[in-house]
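K.L.:
Following this message is one structure expressed as structure tokens.
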Amino acid sequence: MNIFLNIFFAILGASGQGLLWAVLALGIYITFKILNVADMTCDGSFALGGCLSVTLTVSGWNPILSLLLSVLAGMAAGMVTGFLHTKLKIPVILAGILSMISLYSINLRIMGQPNQSLLKSDTIVTMIKKVIPDSVMDHIKYSTLNSLIVIGIGIIFGVLLCFVLYWFFGTEAGSALRATGTNEDMIRALGQNTDRMKILGLMISNGLIALSGGLVAQSQGYGDVIMGQGAIVIGLASIVIGEVFFGRCTSFKSKLISVIVGSVIYRVIIALVLQLGLNNNDQKLFTAIIVAIALAVPTIKKQAQNWR
């Protein structure tokens with residue numbers, strides 16, 4: 001019975017984390033799937049959002065306001081990458097790596113140390129706890145209450161962002177941004193500034209990634225300059241897993257939802273495997289295996305159909 005309870009609580013906690021990391025996956029989806037570029041800035045901008053949010057919160061700022069500033073900082077990082085790529089003609093993957101490396105030093109400057117705790121500061125989680133009646137607090141396990149609050153925060157941000165992105169990409173600017181990734185030459189022939197569209201896409205993407213970093217830092221209670229390490233792999237894993245489970249979803253709304261669901265599924269898979277005894281040091285290896293399998297599924301299906 002205890003084993004099943006442990007698995008249930010692990011899934012509960014993983015679902016909350018998956019929803020917060022889904023914001024990161026949405027940001028990576030914009031560059032990887034819509035703009036059709038591999039932006040390596042995300043590792044640095046994720047940590048940037050977390051470090052800035054933690055530093056401002058410790059300094060007495062409102063946690064929600066600190067998240068808004070994290071978004072602006074992430075957008076600035078994306079703008080720098082876009083400038084390096086479009087104006088200085090540096091390949092986008094190299095421009096992202098340059099931004100990512102420089103953000104490591106910037107994040108150290110922001111926090112003044114490699115990591116910072118939020119133990120004695122108010123976060124979004126603690127703010128919500130203050131409005132929950134004591135009668136409810138006394139009957140729910142501490143870790144379970146934290147997981148439920150994080151799930152609630154993740155659902156709110158996930159739904160809100162899906163609505164905003166769905167609306168934006170239906171506008172003229174959003175449609176031009178989507179078309180830039182599909183056929184850049186055609187958009188340029190129609191008189192659109194593709195460089196401006198790329199910079200805009202990178203800014204939106206890294207703004208979302210920084211927001212995810214801030215949310216994760218506040219939920220786990222600390223910020224770290226290396227907390228974004230491997231973020232791009234996690235985001236890609238969420239996108240690919242969502243595509244595998246949703247199949248050939250055609251509408252843009254379904255694709256956004258698939259990214260969020262994929263992020264939750266990825267976190268749940270990791271949590272279950274850890275419960276079964278996987279060494280935590282092997283987590284990144286397991287992540288790489290999951291991504292490889294998910295990417296291979298469409299090819300395997302196609303070969304099986306041809307064989308039949």
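Ordering of the structure tokens sets the chain letters (A, B, ...); residue numbers start at 1 within each chain; ligands are numbered from 1 in the order shown.
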What's the 9 Å shell around region 250-258 of chain A, counting only C-alpha atoms, without same-chain residues fewer than 2 positions away, as a list in words?
P.N.:
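The neighbour list is Leu26, Tyr29, Gly158, Val159, Cys162, Phe163, Leu165, Tyr166, Phe169, Ser238, Ile239, Ile241, Gly242, Glu243, Phe245, Phe246, Arg248, Ile260, Val261, Gly262 and Ser263 of chain A.
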K.L.:
Store the residues of this selection in a file with N, CA and C atoms, as a compact mmCIF listing (two decimals), in the first residue's frame.
P.N.:
# COMPACT_ATOMS: atom_id res chain seq x y z
N LEU A 26 6.73 25.57 -24.27
CA LEU A 26 6.01 26.45 -25.20
C LEU A 26 6.97 27.45 -25.85
N TYR A 29 9.00 25.60 -28.36
CA TYR A 29 8.15 25.25 -29.50
C TYR A 29 8.12 26.39 -30.52
N GLY A 158 -0.63 27.89 -17.69
CA GLY A 158 -0.73 27.14 -18.94
C GLY A 158 -1.93 27.55 -19.77
N VAL A 159 -3.09 27.64 -19.13
CA VAL A 159 -4.32 28.04 -19.84
C VAL A 159 -4.20 29.47 -20.35
N CYS A 162 -1.76 29.66 -23.31
CA CYS A 162 -2.34 29.05 -24.51
C CYS A 162 -3.31 30.01 -25.19
N PHE A 163 -4.15 30.67 -24.40
CA PHE A 163 -5.10 31.64 -24.95
C PHE A 163 -4.36 32.81 -25.60
N LEU A 165 -1.17 32.97 -26.72
CA LEU A 165 -0.42 32.55 -27.91
C LEU A 165 -1.36 32.23 -29.07
N TYR A 166 -2.49 31.61 -28.76
CA TYR A 166 -3.46 31.28 -29.81
C TYR A 166 -4.01 32.57 -30.44
N PHE A 169 -0.91 34.42 -32.50
CA PHE A 169 -0.54 33.81 -33.77
C PHE A 169 -1.69 33.80 -34.77
N SER A 238 9.52 17.25 -24.26
CA SER A 238 8.10 17.53 -24.04
C SER A 238 7.36 17.69 -25.36
N ILE A 239 7.98 18.41 -26.31
CA ILE A 239 7.35 18.63 -27.62
C ILE A 239 7.17 17.32 -28.36
N ILE A 241 7.25 14.15 -27.21
CA ILE A 241 6.34 13.23 -26.52
C ILE A 241 4.89 13.65 -26.76
N GLY A 242 4.63 14.96 -26.68
CA GLY A 242 3.28 15.46 -26.95
C GLY A 242 2.83 15.13 -28.36
N GLU A 243 3.71 15.25 -29.33
CA GLU A 243 3.37 14.94 -30.72
C GLU A 243 3.08 13.45 -30.89
N PHE A 245 1.92 11.36 -28.57
CA PHE A 245 0.66 10.99 -27.92
C PHE A 245 -0.56 11.59 -28.63
N PHE A 246 -0.40 12.78 -29.20
CA PHE A 246 -1.52 13.43 -29.88
C PHE A 246 -1.62 13.05 -31.35
N ARG A 248 -1.23 13.14 -35.30
CA ARG A 248 -1.19 14.22 -36.30
C ARG A 248 -2.27 15.28 -36.01
N ILE A 260 2.02 21.05 -23.64
CA ILE A 260 1.80 21.04 -22.19
C ILE A 260 1.63 19.61 -21.68
N VAL A 261 0.80 18.84 -22.38
CA VAL A 261 0.58 17.44 -21.98
C VAL A 261 1.89 16.65 -22.06
N GLY A 262 2.66 16.89 -23.12
CA GLY A 262 3.95 16.21 -23.27
C GLY A 262 4.90 16.51 -22.13
N SER A 263 4.90 17.76 -21.65
CA SER A 263 5.77 18.13 -20.53
C SER A 263 5.36 17.39 -19.26
K.L.:
Using DSSP secondary structure from the backbone, list all alpha helix (DSSP H) positions within region 254-286 of chain A, as a count of residues only.
P.N.:
26
K.L.:
Please list as an NGL selection string every residue within 7 Å of region 113-122 of chain A, counting only C-alpha atoms and excluding residues in the same chain fewer than 6 positions away.
P.N.:
:A and (54 or 57-58 or 221-225)
K.L.:
I need the residues from that last selection saved to file as a JSON list (two decimals), in the first residue's frame (with C-alpha atoms), if you can.
P.N.:
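Printed below is part_2.json as written:
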[["chain", "number", "residue", "atom", "x", "y", "z"],
["A", 54, "VAL", "CA", 14.86, 34.89, -6.66],
["A", 57, "THR", "CA", 11.98, 38.29, -4.15],
["A", 58, "VAL", "CA", 14.72, 38.09, -1.51],
["A", 221, "GLY", "CA", 12.45, 27.55, -3.11],
["A", 222, "TYR", "CA", 15.86, 28.47, -4.53],
["A", 223, "GLY", "CA", 17.64, 29.71, -7.62],
["A", 224, "ASP", "CA", 20.85, 28.40, -9.15],
["A", 225, "VAL", "CA", 23.01, 29.68, -12.01]]
K.L.:
Tell me which of A:Met227, A:Leu5, A:Ile93, A:Ile290 sits closest to Gly214 (chain A), counting only C-alpha atoms.
P.N.:
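Among the listed residues, A:Met227 lies closest to Gly214 (chain A).
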K.L.:
If we count only C-alpha atoms, what is near region 33-50 of chain A at a cut-off of 6 Å, once residues fewer than 6 positions away on the same chain are taken out, given as a ChimeraX atom specification?
P.N.:
/A:70,74,93,96-97,99-100,103,107,178,181,209-211,213-214,217,223,225,227-229,231
K.L.:
Have a look at A:Leu94, A:Ile300, A:Ala14, A:Ile269 and name the one nearest to Ala237 (chain A); count only C-alpha atoms.
P.N.:
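Nearest candidate to Ala237 (chain A) out of A:Leu94, A:Ile300, A:Ala14, A:Ile269: A:Ile269.
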K.L.:
Which residue is closest to Ser15 (chain A)? Choose from A:Ser66, A:Thr182, A:Asn306, A:Thr144 and count only C-alpha atoms.
P.N.:
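Nearest to Ser15 (chain A): A:Thr144.
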K.L.:
Could you list, as a VMD selection string, every residue within 7 Å of Ile110 (chain A), counting only C-alpha atoms and ignoring same-chain residues fewer than 3 positions away?
P.N.:
chain A and resid 51 to 52 106 to 107
K.L.:
Where does region 159-255 of chain A meet region 283-286 of chain A within 10 Å, residue by residue, with the nearest atom pair and distance in Å to one decimal for each, counting only C-alpha atoms, listed by chain and rising number, as a Markdown table?
P.N.:
| residue | atom | partner | partner_atom | distance |
| --- | --- | --- | --- | --- |
| A:Gly230 | CA | A:Lys284 | CA | 8.0 |
| A:Val233 | CA | A:Lys284 | CA | 8.8 |
| A:Ile234 | CA | A:Lys284 | CA | 9.1 |
